[in-house]
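Novice: This is the content of run37.cif (mmCIF, C-alpha atoms):
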```
data_structure
#
loop_
_atom_site.label_atom_id
_atom_site.label_comp_id
_atom_site.auth_asym_id
_atom_site.auth_seq_id
_atom_site.Cartn_x
_atom_site.Cartn_y
_atom_site.Cartn_z
CA MET A 1 104.98 21.67 17.63
CA GLU A 2 102.86 20.96 14.54
CA ASP A 3 100.84 24.14 15.15
CA GLU A 4 104.08 26.04 15.42
CA GLU A 5 105.34 24.58 12.15
CA GLU A 6 102.13 25.52 10.32
CA SER A 7 102.38 29.12 11.54
CA ILE A 8 105.86 29.33 10.08
CA SER A 9 105.11 27.88 6.67
CA SER A 10 101.93 29.91 6.11
CA ASN A 11 103.31 33.28 7.20
CA PRO A 12 102.37 35.69 4.34
CA ASN A 13 105.32 38.08 4.45
CA GLY A 14 107.96 35.51 3.53
CA ALA A 15 109.93 35.73 6.76
CA LEU A 16 110.73 32.81 9.01
CA ILE A 17 108.99 33.42 12.35
CA LEU A 18 109.09 31.13 15.38
CA SER A 19 106.36 31.37 17.96
CA ARG A 20 108.98 31.06 20.66
CA ASN A 21 112.67 31.88 20.94
CA PRO A 22 114.56 28.55 20.85
CA SER A 23 117.45 30.06 22.77
CA GLU A 24 115.24 30.82 25.79
CA SER A 25 115.18 28.01 28.39
CA LEU A 26 115.04 25.12 25.93
CA ASP A 27 116.69 21.90 26.93
CA PRO A 28 118.74 19.93 24.37
CA ALA A 29 115.79 17.70 23.52
CA GLN A 30 113.62 20.69 22.64
CA GLN A 31 116.41 22.25 20.62
CA LYS A 32 116.74 19.03 18.69
CA LYS A 33 113.01 19.10 17.96
CA HIS A 34 113.30 22.69 16.70
CA ALA A 35 116.18 21.72 14.44
CA ALA A 36 114.20 18.78 13.06
CA MET A 37 111.18 21.00 12.47
CA LEU A 38 113.27 23.53 10.54
CA GLU A 39 114.79 20.75 8.47
CA ARG A 40 111.31 19.54 7.52
CA LEU A 41 110.34 23.10 6.64
CA ALA A 42 113.40 23.54 4.43
CA ASN A 43 112.70 20.22 2.71
CA ARG A 44 109.08 21.22 2.14
CA HIS A 45 110.13 24.50 0.52
CA GLN A 46 112.74 22.73 -1.58
CA THR A 47 110.14 20.26 -2.85
CA ARG A 48 107.79 23.09 -3.70
CA LEU A 49 110.55 24.94 -5.55
CA GLU A 50 111.39 21.84 -7.57
CA THR A 51 107.73 21.52 -8.53
CA LEU A 52 107.60 25.16 -9.58
CA ASN A 53 110.81 24.75 -11.57
CA SER A 54 109.38 21.73 -13.36
CA LYS A 55 106.19 23.59 -14.26
CA SER A 56 108.17 26.62 -15.38
CA THR A 57 110.37 24.48 -17.61
CA ASP A 58 107.37 22.84 -19.24
CA SER A 59 105.51 26.09 -19.88
CA GLU A 60 108.37 28.31 -21.03
CA SER A 61 111.07 28.02 -23.67
CA SER A 62 114.50 27.14 -22.39
CA SER A 63 116.00 30.30 -23.88
CA SER A 64 113.76 32.62 -21.85
CA PRO A 65 113.71 31.92 -18.11
CA ALA A 66 111.75 35.09 -17.30
CA PHE A 67 108.24 34.73 -15.91
CA GLU A 68 106.70 37.81 -17.64
CA SER A 69 104.32 37.97 -14.64
CA THR A 70 104.90 39.90 -11.43
CA ALA A 71 102.67 37.54 -9.43
CA SER A 72 104.48 34.38 -10.54
CA PHE A 73 107.86 36.00 -9.95
CA LEU A 74 106.93 37.09 -6.42
CA SER A 75 105.60 33.61 -5.62
CA ARG A 76 108.88 32.04 -6.70
CA PHE A 77 110.93 34.72 -4.94
CA VAL A 78 109.10 34.38 -1.61
CA ASP A 79 109.36 30.57 -1.66
CA SER A 80 113.11 30.76 -2.32
CA LYS A 81 113.58 33.39 0.38
CA ARG A 82 111.72 31.29 2.96
CA SER A 83 113.77 28.23 2.09
CA ILE A 84 117.04 30.15 2.54
CA GLU A 85 115.87 31.62 5.86
CA ALA A 86 114.93 28.14 7.09
CA ARG A 87 118.35 26.78 6.18
CA ILE A 88 120.09 29.66 7.96
CA ALA A 89 117.99 29.07 11.08
CA GLN A 90 118.67 25.34 10.89
CA CYS A 91 122.43 25.95 10.78
CA ARG A 92 122.19 28.27 13.76
CA LEU A 93 120.39 25.62 15.81
CA SER A 94 122.72 22.80 14.85
CA HIS A 95 125.40 24.03 17.31
CA THR A 96 128.17 22.37 15.33
CA SER A 97 131.61 23.92 15.18
CA ASP A 98 133.10 21.42 12.76
CA ALA A 99 134.38 23.52 9.86
CA THR A 100 134.32 20.53 7.50
CA GLN A 101 130.55 20.34 7.99
CA LEU A 102 129.81 24.07 8.20
CA LYS A 103 131.65 25.27 5.11
CA PRO A 104 129.70 23.13 2.61
CA GLN A 105 126.41 24.16 4.25
CA LEU A 106 127.31 27.85 4.21
CA GLY A 107 128.58 27.54 0.64
CA SER A 108 125.32 25.94 -0.47
CA ILE A 109 123.28 28.72 1.14
CA SER A 110 125.50 31.34 -0.50
CA ALA A 111 124.93 29.69 -3.90
CA SER A 112 121.16 29.77 -3.32
CA ILE A 113 121.32 33.49 -2.54
CA SER A 114 123.30 34.05 -5.76
CA ASP A 115 120.66 32.12 -7.70
CA LEU A 116 117.98 34.32 -6.15
CA GLU A 117 119.91 37.45 -7.17
CA LYS A 118 120.19 36.08 -10.71
CA LEU A 119 116.44 35.45 -10.73
CA VAL A 120 115.83 39.14 -9.99
CA ALA A 121 118.26 40.24 -12.70
CA GLU A 122 116.66 38.00 -15.34
CA ASN A 123 113.15 39.29 -14.60
CA SER A 124 113.84 42.93 -13.73
CA TYR A 125 112.97 44.17 -17.23
CA PHE A 126 109.22 43.72 -16.61
CA LEU A 127 109.05 44.14 -12.83
CA PRO A 128 107.92 47.44 -11.29
CA SER A 129 110.81 49.48 -9.93
CA TYR A 130 109.48 49.11 -6.37
CA GLU A 131 109.51 45.30 -6.61
CA VAL A 132 113.09 45.30 -7.92
CA ARG A 133 114.21 47.50 -5.03
CA SER A 134 112.35 45.41 -2.44
CA SER A 135 113.75 42.15 -3.84
CA LEU A 136 117.32 43.43 -3.85
CA LYS A 137 116.88 44.72 -0.28
CA ALA A 138 115.66 41.25 0.78
CA ILE A 139 118.68 39.65 -0.89
CA SER A 140 120.99 42.10 0.89
CA ASP A 141 119.39 41.12 4.22
CA LEU A 142 119.91 37.42 3.44
CA LYS A 143 123.57 38.05 2.66
CA GLN A 144 123.99 39.91 5.94
CA SER A 145 122.28 37.09 7.87
CA LEU A 146 124.60 34.55 6.27
CA GLU A 147 127.63 36.70 7.05
CA ASP A 148 126.53 37.03 10.69
CA LEU A 149 125.96 33.27 10.90
CA SER A 150 129.39 32.56 9.46
CA SER A 151 131.00 34.92 11.99
CA GLU A 152 129.18 33.17 14.84
CA LEU A 153 129.87 29.59 13.84
CA VAL A 154 133.24 29.63 12.09
CA PRO A 155 135.93 30.62 14.62
CA LYS A 156 138.57 33.07 13.53
CA LYS A 157 142.18 31.94 13.49
CA LYS A 158 143.96 32.65 16.73
CA PHE A 159 146.80 35.13 16.70
CA SER A 160 150.26 33.64 17.02
CA PHE A 161 153.79 34.84 16.54
CA LYS A 162 155.57 33.51 13.47
CA ASN A 163 159.16 33.39 12.37
CA LYS A 164 160.28 36.31 10.30
CA VAL A 165 159.83 35.67 6.61
CA ALA A 166 161.86 36.89 3.67
CA LYS A 167 161.59 40.60 2.98
CA LYS A 168 159.20 41.60 0.20
CA ASP A 169 158.73 44.74 -1.82
CA PRO A 170 156.93 47.02 0.67
CA VAL A 171 155.42 49.29 -1.99
CA THR A 172 153.93 46.45 -4.06
CA ASP A 173 152.74 44.46 -1.07
CA SER A 174 151.14 47.47 0.59
CA LYS A 175 149.31 48.41 -2.60
CA MET A 176 148.03 44.88 -3.16
CA GLU A 177 146.87 44.45 0.43
CA LYS A 178 144.95 47.72 0.28
CA GLU A 179 143.34 47.02 -3.07
CA LYS A 180 142.20 43.44 -2.39
CA PRO A 181 139.80 44.13 0.48
CA LYS A 182 138.60 47.29 -1.22
CA GLU A 183 137.78 45.43 -4.42
CA ALA A 184 136.15 42.58 -2.52
CA GLU A 185 133.95 45.06 -0.68
CA LYS A 186 133.02 46.99 -3.81
CA MET A 187 132.18 44.14 -6.13
CA GLY A 188 128.46 43.59 -6.58
CA PHE A 189 128.99 40.28 -8.34
CA THR A 190 131.57 37.56 -8.80
CA VAL A 191 133.56 37.78 -12.03
CA PRO A 192 133.34 34.33 -13.63
CA ASP A 193 136.21 32.39 -15.11
CA SER A 194 134.74 32.63 -18.62
CA PRO A 195 136.31 33.42 -22.01
CA GLY A 196 137.20 37.05 -22.45
CA PHE A 197 139.85 39.79 -22.54
CA ARG A 198 141.96 40.37 -19.41
CA ASN A 199 145.03 42.34 -18.33
CA LYS A 200 145.67 44.36 -21.51
CA THR A 201 146.97 47.90 -22.07
CA GLY A 202 146.71 50.04 -25.18
CA GLU A 203 145.34 47.34 -27.51
CA VAL A 204 142.44 46.87 -29.93
CA LEU A 205 140.65 43.66 -28.90
CA VAL A 206 138.22 42.07 -31.36
CA SER A 207 135.91 39.09 -30.96
CA LYS A 208 133.22 37.87 -33.34
CA PHE A 209 130.68 35.40 -31.96
CA GLU A 210 129.47 33.11 -34.72
CA SER A 211 127.00 31.11 -32.61
CA SER A 212 124.00 32.33 -30.63
CA GLU A 213 124.85 29.71 -28.02
CA VAL A 214 127.89 31.64 -26.75
CA GLY A 215 127.51 31.89 -22.98
CA GLU A 216 129.35 34.29 -20.68
CA PHE A 217 132.10 36.68 -21.75
CA THR A 218 134.34 38.71 -19.44
CA ILE A 219 136.24 41.97 -19.95
CA SER A 220 138.53 42.67 -17.01
CA ASP A 221 141.56 44.77 -16.00
CA LEU A 222 142.02 46.80 -19.18
CA ASP A 223 143.66 50.20 -19.55
CA SER A 224 143.37 52.44 -22.62
CA CYS A 225 141.96 49.65 -24.81
CA GLU A 226 139.28 49.48 -27.52
CA VAL A 227 137.06 46.38 -27.46
CA ARG A 228 134.87 45.35 -30.41
CA LEU A 229 132.35 42.56 -29.85
CA MET A 230 130.24 41.40 -32.82
CA GLY A 231 127.46 38.84 -32.52
CA CYS A 232 125.36 37.74 -29.52
CA VAL A 233 126.35 36.50 -26.07
CA ARG A 234 124.10 35.52 -23.18
CA ALA A 235 125.85 37.47 -20.41
CA LEU A 236 128.65 40.05 -20.27
CA PHE A 237 130.79 40.86 -17.22
CA ILE A 238 132.97 44.00 -17.14
CA HIS A 239 135.36 44.69 -14.28
CA ARG A 240 138.11 47.26 -13.57
CA LEU A 241 138.46 49.31 -16.77
CA ARG A 242 140.15 52.66 -17.23
CA ASN A 243 140.04 54.94 -20.28
CA CYS A 244 138.56 52.23 -22.53
CA ARG A 245 136.01 52.16 -25.36
CA ILE A 246 133.69 49.14 -25.44
CA TYR A 247 131.58 48.57 -28.56
CA GLY A 248 129.31 45.56 -28.20
CA GLY A 249 126.61 43.70 -30.09
CA PRO A 250 123.46 42.52 -28.29
CA VAL A 251 123.55 40.63 -24.99
CA MET A 252 120.60 38.26 -24.64
CA GLY A 253 120.65 38.41 -20.83
CA SER A 254 122.42 40.80 -18.45
CA ILE A 255 125.42 43.11 -18.49
CA LEU A 256 127.12 43.62 -15.12
CA ILE A 257 129.70 46.43 -14.83
CA ASP A 258 131.91 47.13 -11.83
CA GLY A 259 134.74 49.61 -11.23
CA VAL A 260 135.15 51.63 -14.44
CA GLU A 261 136.44 55.15 -14.99
CA GLY A 262 136.76 57.43 -18.00
CA CYS A 263 135.20 54.90 -20.39
CA VAL A 264 132.70 54.88 -23.27
CA PHE A 265 130.26 51.98 -23.62
CA VAL A 266 128.03 51.29 -26.63
CA MET A 267 125.92 48.28 -25.67
CA ALA A 268 122.55 46.55 -26.04
CA SER A 269 121.04 44.10 -23.54
CA HIS A 270 117.91 43.06 -21.70
CA GLN A 271 119.23 44.29 -18.36
CA ILE A 272 122.25 46.32 -17.28
CA ARG A 273 123.56 47.00 -13.78
CA ILE A 274 126.45 49.38 -13.14
CA HIS A 275 128.50 49.59 -9.93
CA TYR A 276 131.21 52.13 -9.10
CA ALA A 277 131.42 53.92 -12.44
CA LYS A 278 133.01 57.35 -12.69
CA MET A 279 133.02 59.90 -15.51
CA SER A 280 131.84 57.41 -18.14
CA ASP A 281 129.32 57.56 -21.00
CA PHE A 282 126.82 54.81 -21.80
CA TYR A 283 125.09 54.51 -25.20
CA LEU A 284 122.43 51.89 -24.53
CA ARG A 285 119.53 49.95 -25.91
CA VAL A 286 117.94 48.06 -23.03
CA ARG A 287 114.58 46.42 -22.32
CA SER A 288 114.55 47.27 -18.62
CA ARG A 289 115.56 50.39 -16.74
CA PRO A 290 119.35 50.66 -16.31
CA ILE A 291 120.43 50.37 -12.67
CA ILE A 292 123.34 52.33 -11.23
CA GLU A 293 124.79 52.10 -7.73
CA ASP A 294 127.63 54.11 -6.16
CA CYS A 295 128.27 55.96 -9.43
CA ASN A 296 128.98 59.59 -10.26
CA GLY A 297 129.44 61.57 -13.42
CA VAL A 298 127.84 58.95 -15.67
CA ARG A 299 125.88 60.03 -18.75
CA PHE A 300 123.45 58.17 -20.99
CA ALA A 301 122.45 58.26 -24.66
CA PRO A 302 120.82 55.91 -27.20
CA TYR A 303 122.62 52.96 -28.86
CA CYS A 304 124.64 53.94 -31.94
CA LEU A 305 126.58 50.88 -33.16
CA SER A 306 126.74 49.38 -36.62
CA TYR A 307 128.49 46.33 -38.07
CA GLU A 308 127.69 43.76 -40.73
CA GLY A 309 124.70 41.72 -39.49
CA VAL A 310 123.90 43.88 -36.45
CA ASP A 311 120.17 44.14 -37.28
CA GLY A 312 119.86 40.36 -37.46
CA ASP A 313 121.67 39.99 -34.13
CA LEU A 314 119.42 42.59 -32.49
CA LYS A 315 116.34 40.83 -33.85
CA ASN A 316 117.51 37.42 -32.58
CA ALA A 317 118.10 38.96 -29.14
CA ASN A 318 114.68 40.66 -29.16
CA LEU A 319 116.37 44.07 -29.03
CA LEU A 320 115.63 45.43 -32.49
CA GLU A 321 113.00 47.87 -31.18
CA GLU A 322 114.14 51.01 -29.38
CA THR A 323 112.36 51.14 -26.00
CA GLY A 324 113.69 54.50 -24.78
CA ASN A 325 114.70 52.93 -21.46
CA TRP A 326 118.25 54.21 -21.88
CA SER A 327 117.06 57.45 -20.28
CA ASN A 328 115.00 55.83 -17.46
CA VAL A 329 117.86 55.23 -15.05
CA ASP A 330 117.34 53.94 -11.51
CA ASP A 331 119.93 55.15 -8.99
CA PHE A 332 119.76 52.78 -6.01
CA ARG A 333 121.79 55.20 -3.89
CA TRP A 334 119.40 58.10 -4.52
CA LEU A 335 115.94 57.55 -3.09
CA ARG A 336 114.65 61.12 -3.20
CA ALA A 337 111.95 62.26 -5.58
CA VAL A 338 114.20 64.80 -7.32
CA GLN A 339 116.66 63.95 -10.09
CA SER A 340 119.79 62.10 -8.96
CA PRO A 341 122.96 64.21 -9.29
CA ASN A 342 124.95 61.08 -10.12
CA TRP A 343 123.75 60.66 -13.73
CA SER A 344 122.48 62.79 -16.59
CA ILE A 345 121.38 62.68 -20.23
CA LEU A 346 124.33 63.19 -22.57
CA PRO A 347 123.74 66.43 -24.55
CA GLU A 348 123.25 65.77 -28.27
CA SER A 349 126.05 68.19 -29.13
CA GLU A 350 128.50 66.02 -27.16
CA ARG A 351 127.40 62.60 -28.42
CA ILE A 352 129.53 60.49 -30.71
CA GLY A 353 128.10 59.69 -34.12
CA LEU A 354 127.25 56.27 -35.51
CA ILE A 355 130.07 53.85 -34.67
CA GLU A 356 130.91 51.33 -37.38
CA ILE A 357 133.15 48.44 -36.37
CA SER A 358 134.62 45.39 -38.11
CA ASN A 359 136.97 42.56 -37.27
CA LYS A 360 139.77 44.20 -39.23
CA GLY A 361 142.74 45.72 -37.51
CA THR A 362 144.78 44.66 -34.52
CA SER A 363 143.23 41.89 -32.47
CA ALA A 364 144.25 39.79 -29.51
CA GLU A 365 143.42 36.22 -28.58
CA GLU A 366 140.84 35.63 -25.87
CA ASP A 367 142.09 34.42 -22.50
#
```
Starting from the file, lay out its structure as structure tokens.
Specialist:
Amino acid sequence: MEDEEESISSNPNGALILSRNPSESLDPAQQKKHAAMLERLANRHQTRLETLNSKSTDSESSSSPAFESTASFLSRFVDSKRSIEARIAQCRLSHTSDATQLKPQLGSISASISDLEKLVAENSYFLPSYEVRSSLKAISDLKQSLEDLSSELVPKKKFSFKNKVAKKDPVTDSKMEKEKPKEAEKMGFTVPDSPGFRNKTGEVLVSKFESSEVGEFTISDLDSCEVRLMGCVRALFIHRLRNCRIYGGPVMGSILIDGVEGCVFVMASHQIRIHYAKMSDFYLRVRSRPIIEDCNGVRFAPYCLSYEGVDGDLKNANLLEETGNWSNVDDFRWLRAVQSPNWSILPESERIGLIEISNKGTSAEED
């Protein structure tokens, strides 16, 4: 058993491999030993991760969690991936069907996968494109393994007849029921319950961030609105926008965009990822290559925003220098060597000029 454990922990490709299949002719005592072994393995990885976190905290400033080294990132990524795989295998061997025990375990594993995805996002600006793709593919596989495990262990509710309930609006109910699963399937990230602008139509929404310590900001469910953001935030989440114009100061971390159509974005950030965008233009300044997925008709051009103090904000966010990455777009749904048909460079004759914004005019309170 010890030899078997060593072969698992030292496997170089980061995958959890057992020298034997525990489901083949193992009595309960042997299964219990396998479960104990996997628990020790998970604890070992967790201890190693805590040590790495401690060293990383001591050697790097708290405002910059990135490693700036592909080797150190891959070491951290592989350790985290192994730990998650060990925990999934441990749950599978536990043979418990108690939902009160399973749900916290599955929730904890899901949170670890989200942390791993965040790790990739925070460090993608210096990683080679191949490593970013490989890491995201590994995360996708972990999510699928967790989903399969949840389907196996958490029983679905049994069908039963129920008394007839009060009649509801069939048009509204049908629309909502169709949209909910579709949106849940499409979303590449979870929209946080952070300050922001939500559920507005035809308004000018203005926010000025006075402190560099502002955390997450969310823009969600807007139609035909203009949003002006001045100052720095650490992360920006944008979800379900139609026919909007978003003018934003620098984001010190990541911008995540999901489900937009017919919009114009003028934004600066260290990393930007765009899901399900249609017929929209992006004027960007970004340290890493922009990532698009399931998009079509999106066009890119350089950042063109001005407001009082913008140069100081860009300098504080380490975005004052133009990198040219706005035109180096990675389409994760187009793996061929030729140019993706889903995005293009916005012709100079069709670009908007310098946009100057202020906090004057109509504004709305943040939700």
Novice: Applying 12 Å and all atoms listed in the file, which residues near Ser129 (chain A) remain after dropping the ones on its own chain fewer than 2 positions away? List them as a list in words.
Specialist: Thr70, Val120, Asn123, Ser124, Tyr125, Phe126, Leu127, Glu131, Val132, Arg133, Ser134, Ser135, Leu136, Ser288, Arg289, Pro290, Ile291, Asn328, Val329, Asp330, Asp331, Phe332 and Leu335 of chain A
Novice: Taking only residues of region 237-288 of chain A that have an atom at most 8 Å from an atom of region 295-305 of chain A, what is each one's shortest atom pair and its distance in Å to one decimal, using all atoms listed in the file, in chain and number order, as a tab-separated table?
Specialist:
```
residue	atom	partner	partner_atom	distance
A:Tyr247	CA	A:Leu305	CA	7.2
A:Gly248	CA	A:Leu305	CA	7.8
A:Gly249	CA	A:Leu305	CA	7.8
A:Val266	CA	A:Tyr303	CA	6.1
A:Met267	CA	A:Tyr303	CA	6.6
A:Ala268	CA	A:Tyr303	CA	7.0
A:Ile274	CA	A:Cys295	CA	7.8
A:His275	CA	A:Cys295	CA	6.4
A:Tyr276	CA	A:Cys295	CA	4.8
A:Ala277	CA	A:Cys295	CA	4.8
A:Lys278	CA	A:Asn296	CA	5.2
A:Met279	CA	A:Gly297	CA	4.5
A:Ser280	CA	A:Val298	CA	4.9
A:Asp281	CA	A:Arg299	CA	4.8
A:Phe282	CA	A:Phe300	CA	4.8
A:Tyr283	CA	A:Ala301	CA	4.6
A:Leu284	CA	A:Tyr303	CA	4.5
A:Arg285	CA	A:Tyr303	CA	5.2
```
Novice: What does the structure give for the distance between CA of Phe209 (chain A) and CA of Leu241 (chain A), in Å to one decimal?
Specialist: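 Computing the Euclidean distance for CA of Phe209 (chain A) and CA of Leu241 (chain A) yields 22.0 Å.
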Novice: Skip Ser110 (chain A) itself and residues of its chain fewer than 4 positions away, then list as a list in words all residues within 8 Å of it, counting only C-alpha atoms.
Specialist: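 So the residues in contact are Leu106, Ser114, Lys143 and Leu146 of chain A.
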Novice: Using CA of Glu122 (chain A) and CA of Arg273 (chain A) as the two end points, give the distance in Å to one decimal.
Specialist: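 CA of Glu122 (chain A) sits 11.4 Å away from CA of Arg273 (chain A).
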Novice: For each of A:Arg82, A:Arg245, A:Lys32, A:Arg87, take the minimum atom-to-atom distance to Arg228 (chain A), counting all atoms listed in the file, then give the residue where this is smallest.
Specialist: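 Comparing A:Arg82, A:Arg245, A:Lys32, A:Arg87 against Arg228 (chain A), the winner is A:Arg245.
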Novice: Enter the distance from CA of Gly231 (chain A) to CA of Leu320 (chain A), in Å, rounded to one decimal.
Specialist: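 Between these atoms lies a distance of 13.5 Å.
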Novice: Selection in question (the file shown): the PyMOL selection byres ((chain A and resi 308) around 10). Which residues does it include, as a PyMOL selection string?
Specialist: chain A and resi 230-231+306-307+309-313+356-359
Novice: I'd like to know which of A:His34, A:Ser150, A:Val78, A:Arg44 is closest to Ser94 (chain A), using only C-alpha atoms.
Specialist: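 Going through A:His34, A:Ser150, A:Val78, A:Arg44 one by one, the smallest distance to Ser94 (chain A) is for A:His34.
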